[in-house]
$ cat protein30.txt   # compact mmCIF, C-alpha atoms
# COMPACT_ATOMS: atom_id res chain seq x y z
CA MET I 823 100.48 119.40 86.34
CA LYS I 824 103.66 117.87 87.72
CA LEU I 825 102.93 115.20 90.32
CA VAL I 826 105.47 113.76 92.75
CA THR I 827 105.96 111.26 95.50
CA TYR I 828 108.01 112.81 98.29
CA VAL I 829 109.32 112.26 101.80
CA LEU I 830 110.64 114.75 104.32
CA ASP I 831 113.08 112.26 105.85
CA ALA I 832 115.43 110.49 103.45
CA ASN I 833 115.45 107.47 105.80
CA THR I 834 111.74 106.80 105.25
CA PRO I 835 111.25 103.18 104.08
CA ARG I 836 111.37 102.78 100.31
CA GLU I 837 107.69 101.90 100.04
CA GLY I 838 106.81 105.11 101.90
CA GLY I 839 106.14 108.53 100.47
CA ARG I 840 103.22 110.91 99.98
CA ALA I 841 101.68 112.32 96.83
CA GLY I 842 102.26 115.95 96.00
CA VAL I 843 101.82 118.43 93.19
CA LEU I 844 104.37 121.05 92.16
CA LEU I 845 103.27 124.69 92.28
CA ASN I 846 106.16 126.92 91.24
CA ASP I 847 108.85 125.97 93.81
CA LEU I 848 106.46 124.45 96.36
CA ILE I 849 105.32 120.86 96.80
CA LEU I 850 101.68 120.75 97.91
CA ASP I 851 100.70 117.60 99.79
CA LEU I 852 97.72 116.12 97.93
CA ALA I 853 95.70 114.84 100.88
CA THR I 854 96.22 118.05 102.85
CA LEU I 855 95.44 120.12 99.74
CA GLY I 856 92.14 118.28 99.43
CA ARG I 857 91.09 119.07 102.99
CA TRP I 858 92.23 122.69 102.61
CA ALA I 859 90.27 123.09 99.36
CA ALA I 860 87.13 121.44 100.78
CA ALA I 861 87.01 124.04 103.52
CA ARG I 862 87.13 126.88 100.99
CA GLU I 863 85.48 125.78 97.79
CA ALA I 864 81.87 124.58 97.69
CA ALA I 865 82.29 123.04 94.25
CA PHE I 866 85.17 120.91 95.56
CA ALA I 867 83.24 119.81 98.64
CA ARG I 868 80.27 118.70 96.50
CA LEU I 869 82.57 116.38 94.55
CA SER I 870 83.60 114.50 97.70
CA PRO I 871 80.75 114.69 100.23
CA GLY I 872 81.50 113.14 103.57
CA SER I 873 85.06 112.29 102.59
CA GLU I 874 87.59 112.81 105.35
CA ALA I 875 90.49 112.75 102.88
CA SER I 876 89.05 114.31 99.74
CA LEU I 877 92.26 113.68 97.79
CA PRO I 878 94.30 110.48 98.17
CA SER I 879 97.70 110.37 99.82
CA THR I 880 99.43 108.40 97.02
CA LEU I 881 99.59 108.84 93.26
CA LEU I 882 98.67 105.22 92.68
CA ALA I 883 95.45 105.76 94.65
CA LEU I 884 94.77 108.91 92.60
CA LEU I 885 95.05 106.89 89.38
CA GLN I 886 92.88 104.11 90.77
CA GLU I 887 90.12 106.52 91.83
CA GLY I 888 89.95 107.87 88.30
CA ALA I 889 88.12 110.82 86.79
CA SER I 890 86.39 112.13 89.93
CA ALA I 891 89.69 112.33 91.84
CA TRP I 892 91.33 114.15 88.92
CA GLU I 893 88.48 116.67 88.82
CA ARG I 894 88.86 117.34 92.55
CA LEU I 895 92.59 117.78 92.06
CA ARG I 896 92.08 120.29 89.23
CA ILE I 897 89.73 122.39 91.36
CA ALA I 898 92.04 122.28 94.40
CA PHE I 899 95.13 123.09 92.33
CA ALA I 900 93.40 126.05 90.66
CA LEU I 901 92.40 127.39 94.08
CA ALA I 902 95.96 127.02 95.40
CA SER I 903 97.33 128.73 92.29
CA GLN I 904 95.28 131.82 93.16
CA THR I 905 96.50 131.87 96.76
CA GLU I 906 99.57 133.63 98.14
CA PRO I 907 102.48 131.20 98.68
CA ALA I 908 102.99 132.56 102.20
CA HIS I 909 99.45 131.54 103.13
CA LEU I 910 99.94 128.05 101.68
CA GLN I 911 103.14 127.61 103.70
CA SER I 912 101.38 128.78 106.87
CA GLN I 913 98.98 125.82 106.68
CA GLU I 914 100.28 122.83 108.61
CA GLY I 915 101.42 120.01 106.36
CA LEU I 916 100.28 121.68 103.13
CA ALA I 917 103.27 123.26 101.35
CA PHE I 918 106.99 122.51 101.42
CA PRO I 919 109.79 124.21 99.48
CA LEU I 920 111.01 121.86 96.76
CA GLU I 921 114.59 121.96 98.04
CA GLN I 922 113.46 120.67 101.45
CA VAL I 923 111.86 117.43 100.26
CA HIS I 924 113.31 114.18 98.95
CA LEU I 925 111.75 112.89 95.75
CA ARG I 926 110.95 109.23 95.25
CA PRO I 927 109.84 107.66 91.95
CA PRO I 928 106.45 109.18 91.09
CA ILE I 929 104.89 105.69 91.28
CA PRO I 930 107.04 103.91 93.92
CA THR I 931 105.12 100.61 93.73
CA PRO I 932 103.77 100.17 90.19
CA PRO I 933 101.85 96.98 89.41
CA THR I 934 104.16 96.26 86.45
CA ILE I 935 107.01 97.77 84.45
CA ARG I 936 107.31 96.90 80.76
CA ASP I 937 110.37 98.29 79.02
CA PHE I 938 110.22 98.39 75.23
CA PHE I 939 112.87 98.45 72.49
CA ALA I 940 111.28 101.21 70.40
CA PHE I 941 114.08 103.39 68.95
CA GLU I 942 115.46 102.00 65.70
CA ALA I 943 118.73 103.94 66.07
CA HIS I 944 119.44 102.30 69.43
CA VAL I 945 118.80 98.81 68.08
CA ARG I 946 120.94 99.47 65.02
CA ASN I 947 123.82 101.09 66.93
CA ALA I 948 123.93 98.53 69.73
CA ARG I 949 123.84 95.53 67.40
CA ALA I 950 126.44 97.05 65.09
CA ARG I 951 128.89 96.93 68.01
CA SER I 952 128.67 93.14 67.73
CA GLY I 953 128.69 93.12 63.92
CA LEU I 954 124.95 92.38 63.74
CA GLU I 955 122.10 93.93 61.79
CA VAL I 956 118.61 94.79 63.01
CA PRO I 957 116.58 91.54 62.89
CA PRO I 958 113.59 91.74 60.52
CA GLN I 959 111.27 90.64 63.35
CA TRP I 960 111.97 93.93 65.13
CA TYR I 961 110.00 95.76 62.43
CA GLN I 962 107.00 93.46 62.89
CA ILE I 963 106.12 94.03 66.57
CA PRO I 964 107.18 96.27 69.46
CA VAL I 965 108.92 93.99 71.96
CA PHE I 966 109.47 94.46 75.69
CA TYR I 967 110.71 92.79 78.85
CA PHE I 968 109.34 92.99 82.40
CA SER I 969 111.52 94.84 84.91
CA ASN I 970 111.76 94.69 88.70
CA THR I 971 109.18 96.83 90.53
CA SER I 972 110.99 96.63 93.89
CA ALA I 973 114.31 98.28 92.98
CA LEU I 974 113.18 101.78 92.00
CA TYR I 975 114.92 105.09 92.67
CA GLY I 976 113.92 108.74 92.40
CA HIS I 977 115.65 112.00 91.57
CA ASP I 978 118.93 112.54 93.45
CA GLU I 979 118.80 109.10 95.06
CA ALA I 980 122.07 107.15 95.12
CA ILE I 981 122.37 104.02 92.97
CA PRO I 982 124.38 101.17 94.55
CA TYR I 983 126.88 99.72 92.10
CA PRO I 984 125.89 96.09 91.30
CA ARG I 985 128.77 94.16 92.87
CA LEU I 986 128.89 91.35 90.27
CA SER I 987 129.35 93.77 87.39
CA GLN I 988 132.25 95.71 85.91
CA ALA I 989 130.29 97.30 83.06
CA LEU I 990 127.62 99.64 84.45
CA ASP I 991 125.70 101.72 81.91
CA TYR I 992 122.91 104.31 81.85
CA GLU I 993 119.97 104.29 79.43
CA LEU I 994 118.10 107.48 78.53
CA GLU I 995 114.39 106.73 78.16
CA MET I 996 110.93 108.25 78.50
CA ALA I 997 108.16 106.39 80.30
CA ALA I 998 104.37 106.54 80.17
CA VAL I 999 102.15 105.69 83.15
CA ILE I 1000 98.77 104.05 82.54
CA GLY I 1001 95.86 105.96 84.07
CA ARG I 1002 92.87 103.70 83.44
CA GLU I 1003 92.18 100.02 83.10
CA GLY I 1004 91.89 98.44 79.67
CA GLN I 1005 92.49 95.34 77.60
CA ASP I 1006 93.02 94.86 73.85
CA ILE I 1007 93.34 98.62 73.43
CA ALA I 1008 93.54 99.88 69.84
CA ALA I 1009 96.51 102.15 69.12
CA GLU I 1010 94.19 104.89 67.81
CA GLN I 1011 92.57 105.21 71.26
CA ALA I 1012 95.59 104.33 73.39
CA ALA I 1013 96.73 107.89 74.20
CA ASP I 1014 93.55 108.32 76.25
CA TYR I 1015 94.87 105.68 78.68
CA ILE I 1016 98.04 107.63 79.57
CA ALA I 1017 98.00 109.51 82.89
CA GLY I 1018 101.40 111.11 82.42
CA TYR I 1019 105.04 110.87 81.41
CA THR I 1020 108.36 110.81 83.23
CA ILE I 1021 112.08 110.29 82.61
CA MET I 1022 113.41 106.75 83.02
CA ASN I 1023 116.97 105.49 83.50
CA ASP I 1024 117.12 101.77 82.81
CA TRP I 1025 120.46 101.07 84.52
CA SER I 1026 122.24 98.16 82.86
CA ALA I 1027 125.07 95.83 83.88
CA ARG I 1028 126.27 95.02 80.36
CA ASP I 1029 128.54 92.12 81.27
CA LEU I 1030 125.76 90.36 83.22
CA GLN I 1031 123.29 91.10 80.44
CA LEU I 1032 125.59 89.67 77.78
CA GLN I 1033 126.20 86.52 79.83
CA GLU I 1034 122.55 85.70 80.45
CA MET I 1035 121.26 86.62 76.99
CA ALA I 1036 123.76 84.24 75.40
CA VAL I 1037 121.29 81.52 76.41
CA GLN I 1038 118.44 83.50 74.74
CA LEU I 1039 116.64 84.48 77.91
CA GLY I 1040 116.56 87.86 79.58
CA PRO I 1041 117.52 90.52 80.30
CA ALA I 1042 117.24 89.76 84.01
CA LYS I 1043 120.17 90.28 86.43
CA GLY I 1044 121.66 92.68 83.92
CA LYS I 1045 118.75 95.03 84.61
CA ASP I 1046 116.86 94.20 87.80
CA PHE I 1047 119.11 95.93 90.35
CA ALA I 1048 117.94 99.52 89.70
CA THR I 1049 115.62 101.68 87.61
CA SER I 1050 115.25 105.42 88.16
CA PHE I 1051 112.15 107.51 87.44
CA GLY I 1052 111.48 111.20 87.90
CA PRO I 1053 111.71 113.87 88.89
CA TRP I 1054 107.92 113.99 88.51
CA LEU I 1055 104.98 112.68 86.53
CA VAL I 1056 103.95 115.26 83.91
CA THR I 1057 100.31 115.19 82.78
CA PRO I 1058 99.70 114.99 79.00
CA ASP I 1059 98.20 118.48 78.75
CA GLU I 1060 101.60 120.00 79.60
CA LEU I 1061 103.16 118.30 76.57
CA GLN I 1062 100.62 119.57 74.04
CA PRO I 1063 102.98 122.27 72.70
CA TYR I 1064 105.42 119.49 71.78
CA ARG I 1065 102.83 117.15 70.26
CA ARG I 1066 103.35 115.96 66.70
CA GLY I 1067 100.81 113.66 65.07
CA SER I 1068 97.76 112.07 66.66
CA GLY I 1069 96.15 108.75 67.36
CA ALA I 1070 98.54 105.84 66.82
CA ASP I 1071 101.16 108.23 65.41
CA GLU I 1072 101.30 110.56 68.44
CA ARG I 1073 104.87 111.71 69.08
CA PHE I 1074 106.48 114.59 70.95
CA ASP I 1075 109.24 116.92 69.78
CA LEU I 1076 111.31 116.59 72.96
CA PRO I 1077 115.10 117.02 72.93
CA MET I 1078 116.78 114.37 75.10
CA ARG I 1079 120.25 114.71 76.68
CA ALA I 1080 122.49 112.68 78.98
CA ARG I 1081 125.53 113.90 80.90
CA VAL I 1082 128.07 112.03 83.00
CA ASN I 1083 129.96 114.23 85.46
CA GLY I 1084 128.76 117.26 83.52
CA VAL I 1085 130.03 116.01 80.14
CA LEU I 1086 127.35 115.86 77.44
CA LEU I 1087 127.35 112.38 75.90
CA THR I 1088 123.87 111.93 74.42
CA GLU I 1089 121.73 114.21 72.27
CA ALA I 1090 118.56 112.85 70.68
CA ASN I 1091 114.87 113.66 70.24
CA PHE I 1092 111.86 111.63 71.33
CA GLN I 1093 110.06 112.19 68.03
CA GLU I 1094 112.66 109.90 66.39
CA ILE I 1095 110.98 106.91 68.06
CA TYR I 1096 109.86 104.14 65.69
CA TYR I 1097 107.10 102.59 67.82
CA THR I 1098 104.99 105.22 69.59
CA PHE I 1099 103.51 104.83 73.07
CA PRO I 1100 100.10 104.08 71.48
CA HIS I 1101 101.77 101.23 69.58
CA MET I 1102 103.31 99.97 72.81
CA ILE I 1103 100.01 100.14 74.69
CA GLU I 1104 98.27 98.22 71.94
CA ARG I 1105 100.89 95.48 72.11
CA ALA I 1106 101.10 95.39 75.91
CA SER I 1107 97.33 95.14 76.32
CA GLN I 1108 96.81 92.27 73.90
CA HIS I 1109 95.16 89.39 75.81
CA VAL I 1110 95.84 91.05 79.18
CA ARG I 1111 94.52 93.84 81.38
CA LEU I 1112 96.54 97.01 81.88
CA ARG I 1113 95.94 98.67 85.24
CA PRO I 1114 96.37 102.19 86.62
CA GLY I 1115 99.99 102.69 87.61
CA ASP I 1116 101.47 100.26 85.07
CA ILE I 1117 104.61 101.75 83.52
CA LEU I 1118 105.75 101.45 79.91
CA GLY I 1119 109.31 102.46 79.08
CA SER I 1120 110.24 103.62 75.59
CA GLY I 1121 113.57 101.88 75.49
CA THR I 1122 116.82 103.75 74.94
CA CYS I 1123 116.94 106.61 72.45
CA GLY I 1124 119.58 106.60 69.71
CA GLY I 1125 123.00 107.15 71.27
CA GLY I 1126 121.38 107.00 74.69
CA CYS I 1127 123.85 104.67 76.44
CA LEU I 1128 127.55 103.90 76.71
CA LEU I 1129 127.08 100.58 74.92
CA GLU I 1130 126.26 102.52 71.76
CA LEU I 1131 128.86 105.23 72.24
CA GLY I 1132 131.70 102.78 72.80
CA GLN I 1133 134.57 102.75 75.26
CA GLU I 1134 136.55 105.07 73.01
CA ARG I 1135 133.99 107.77 73.85
CA HIS I 1136 133.54 107.02 77.57
CA ARG I 1137 134.44 104.25 80.01
CA TRP I 1138 131.79 102.26 81.86
CA LEU I 1139 130.32 104.02 84.89
CA SER I 1140 132.19 103.96 88.19
CA VAL I 1141 131.48 104.66 91.85
CA GLY I 1142 131.36 108.44 92.27
CA ASP I 1143 129.96 109.20 88.80
CA VAL I 1144 126.92 111.48 88.50
CA VAL I 1145 124.48 110.77 85.66
CA GLU I 1146 121.98 113.42 84.55
CA LEU I 1147 119.18 112.64 82.10
CA GLU I 1148 117.18 115.56 80.72
CA ILE I 1149 114.08 115.62 78.50
CA ALA I 1150 112.39 118.87 77.48
CA GLY I 1151 109.07 119.29 79.24
CA LEU I 1152 109.84 116.53 81.73
CA GLY I 1153 112.76 118.00 83.66
CA LEU I 1154 116.05 116.50 84.81
CA LEU I 1155 116.67 113.16 86.55
CA ARG I 1156 119.98 112.96 88.43
CA ASN I 1157 121.57 110.04 90.26
CA SER I 1158 125.02 109.35 91.68
CA ILE I 1159 126.71 105.95 91.79
CA VAL I 1160 127.79 104.73 95.23
CA ALA I 1161 129.51 101.60 96.44
CA SER I 1162 127.17 98.81 97.48
CA PRO I 1163 127.85 97.18 100.87
CA HIS I 1164 129.79 94.44 99.02
CA HIS I 1165 131.43 96.54 96.32
CA PRO I 1166 134.83 98.15 97.04
CA GLU I 1167 135.32 101.77 96.00

$ encode --input "protein30.txt" --output "structure tokens"
Amino acid sequence: MKLVTYVLDANTPREGGRAGVLLNDLILDLATLGRWAAAREAAFARLSPGSEASLPSTLLALLQEGASAWERLRIAFALASQTEPAHLQSQEGLAFPLEQVHLRPPIPTPPTIRDFFAFEAHVRNARARSGLEVPPQWYQIPVFYFSNTSALYGHDEAIPYPRLSQALDYELEMAAVIGREGQDIAAEQAADYIAGYTIMNDWSARDLQLQEMAVQLGPAKGKDFATSFGPWLVTPDELQPYRRGSGADERFDLPMRARVNGVLLTEANFQEIYYTFPHMIERASQHVRLRPGDILGSGTCGGGCLLELGQERHRWLSVGDVVELEIAGLGLLRNSIVASPHHPE
């Protein structure tokens, strides 16, 4: 399934949004879908007796409810899949054409965001620009930094240019969302903790990042102004045809591409990753509790940013640029750059 957070009015506050599931070109509202299914399917009603809202209204609540909520969703979605689209659209608040909704990040308010540094090619290419080699410590542990959970953007949302920067960059990444609580999780079992995957753009102000990391702390202001996720959260079963390896070595054969103003700049494949998501989960969960809704970013794929490609290939991003990130099986995440209130065009 492909799960979304959507609004009908683009001016809805950023923390707003309702959970939905994609059925062909319709977005089905989860809470309304639950009530609709309960009135038609006895098996569904038995799973949520006495519940006024038999499916939650947010994806974070769906993850927090766990297995029983997922089972109700599977039954309701199967019932909707066997129903004529015209009937679904005739039910108040149930179905909306995809082109009529505005997508927010699938998890608009995640508990945490950890972004890793997991593609060897990216580390090698980026450091080579400064005449550096990959540090030997990189091969010992998967490392990450914590990102800002309150500056998130969804598909087709505008990204304000950070006014202190003159070197804005995109970063093509894949992200995994944790679906169940756990601590000290072994890599061999870690895939069972993943609720789904989405595309991630870890926007980067390279000049700010370089300045702060010169004192060996960060990244911080070079990253915290914006992160994009979307267009939806794809459940692991949909990626089974792309799966390569298992357990700690689970990878996916997913071509990855990035375009700026329609020009193809990045081509890579997710299976080239050095540290898998199970490796990342094992590291992230050491000594601490991972919770439903926590997000783990893969880090940039090889060639997945302008820092690696160099200014001879493409200038830094500017106001008016449109960045499209595409990963097979996950869809396309598009954002345009706009002037911030304090940034001249």

$ closest_residue --input "protein30.txt" --among "I:His924, I:Arg936, I:His1101, I:Arg1137" --to "Ala1012 in chain I" --atoms "all atoms listed in the file"
I:His1101

$ residues_around --input "protein30.txt" --residues "Gln1133 in chain I" --least-positions-apart "4" --cutoff "12 Å" --atoms "all atoms listed in the file" --output "VMD selection string"
chain I and resid 951 989 to 991 1127 to 1129 1137 to 1139

$ atom_distance --input "protein30.txt" --atom1 "CA of Pro1053 in chain I" --atom2 "CA of Gly1153 in chain I"
6.7 Å

$ residues_near_point --input "protein30.txt" --point "(108.0, 113.9, 102.3)" --cutoff "9 Å" --atoms "all atoms listed in the file" --output "VMD selection string"
chain I and resid 827 to 832 834 838 to 842 851 918 922 to 926

$ residues_around --input "protein30.txt" --residues "Gln911 in chain I" --least-positions-apart "6" --cutoff "10 Å" --atoms "all atoms listed in the file" --output "list in words"
Leu848, Ile849, Leu850, Ala917, Phe918 and Pro919 of chain I

$ closest_residue --input "protein30.txt" --among "I:Leu852, I:Gln904, I:Asn833, I:Phe899" --to "Thr880 in chain I" --atoms "all atoms listed in the file"
I:Leu852

$ residues_around --input "protein30.txt" --residues "Pro1063 in chain I" --least-positions-apart "6" --cutoff "10 Å" --atoms "only C-alpha atoms" --output "list in words"
Phe1074, Asp1075 and Gly1151 of chain I

$ residues_around --input "protein30.txt" --residues "Ile1117 in chain I" --least-positions-apart "5" --cutoff "8 Å" --atoms "all atoms listed in the file" --output "MDAnalysis selection string"
chainID I and resid 932 934:936 997:1000

$ closest_residue --input "protein30.txt" --among "I:Leu1076, I:Ala853, I:Ala1161, I:Val945" --to "Ala883 in chain I" --atoms "all atoms listed in the file"
I:Ala853

$ residues_around --input "protein30.txt" --residues "Arg836 in chain I" --least-positions-apart "6" --cutoff "9 Å" --atoms "all atoms listed in the file" --output "number ranges by chain"
I: 926, 930, 972, 974-975

$ atom_distance --input "protein30.txt" --atom1 "CA of Leu1087 in chain I" --atom2 "CA of Asp1143 in chain I"
13.5 Å

$ closest_residue --input "protein30.txt" --among "I:Asn1091, I:Ser876, I:Thr931, I:Thr1020" --to "Phe1051 in chain I" --atoms "all atoms listed in the file"
I:Thr1020

$ atom_distance --input "protein30.txt" --atom1 "CA of Glu1148 in chain I" --atom2 "CA of Asp1071 in chain I"
23.3 Å

$ closest_residue --input "protein30.txt" --among "I:Ala1017, I:Leu1032, I:Leu1131, I:Ala973" --to "Ser987 in chain I" --atoms "all atoms listed in the file"
I:Leu1032

$ closest_residue --input "protein30.txt" --among "I:His944, I:Arg862, I:His1109, I:Arg1081" --to "Ile1095 in chain I" --atoms "only C-alpha atoms"
I:His944

$ residues_near_point --input "protein30.txt" --point "(101.0, 106.0, 79.7)" --cutoff "10 Å" --atoms "only C-alpha atoms" --output "list in words"
Ala997, Ala998, Val999, Ile1000, Gly1001, Arg1002, Ala1012, Ala1013, Asp1014, Tyr1015, Ile1016, Ala1017, Gly1018, Tyr1019, Thr1020, Thr1057, Pro1058, Phe1099, Pro1100, Met1102, Ile1103, Pro1114, Gly1115, Asp1116, Ile1117, Leu1118 and Gly1119 of chain I

$ write_last_selection --input "protein30.txt" --atoms "C-alpha atoms" --output "short mmCIF file (atom, residue, chain, number, x, y, z; two decimals), in the frame of the given file"
data_model
loop_
_atom_site.label_atom_id
_atom_site.label_comp_id
_atom_site.auth_asym_id
_atom_site.auth_seq_id
_atom_site.Cartn_x
_atom_site.Cartn_y
_atom_site.Cartn_z
CA ALA I 997 108.16 106.39 80.30
CA ALA I 998 104.37 106.54 80.17
CA VAL I 999 102.15 105.69 83.15
CA ILE I 1000 98.77 104.05 82.54
CA GLY I 1001 95.86 105.96 84.07
CA ARG I 1002 92.87 103.70 83.44
CA ALA I 1012 95.59 104.33 73.39
CA ALA I 1013 96.73 107.89 74.20
CA ASP I 1014 93.55 108.32 76.25
CA TYR I 1015 94.87 105.68 78.68
CA ILE I 1016 98.04 107.63 79.57
CA ALA I 1017 98.00 109.51 82.89
CA GLY I 1018 101.40 111.11 82.42
CA TYR I 1019 105.04 110.87 81.41
CA THR I 1020 108.36 110.81 83.23
CA THR I 1057 100.31 115.19 82.78
CA PRO I 1058 99.70 114.99 79.00
CA PHE I 1099 103.51 104.83 73.07
CA PRO I 1100 100.10 104.08 71.48
CA MET I 1102 103.31 99.97 72.81
CA ILE I 1103 100.01 100.14 74.69
CA PRO I 1114 96.37 102.19 86.62
CA GLY I 1115 99.99 102.69 87.61
CA ASP I 1116 101.47 100.26 85.07
CA ILE I 1117 104.61 101.75 83.52
CA LEU I 1118 105.75 101.45 79.91
CA GLY I 1119 109.31 102.46 79.08
#

$ axis_aligned_box --input "protein30.txt" --around "range 1036-1047 of chain I" --padding-each-side "5 Å" --output "JSON"
{"center_x": 120.2, "center_y": 88.7, "center_z": 82.5, "size_x": 17.2, "size_y": 24.4, "size_z": 25.6}
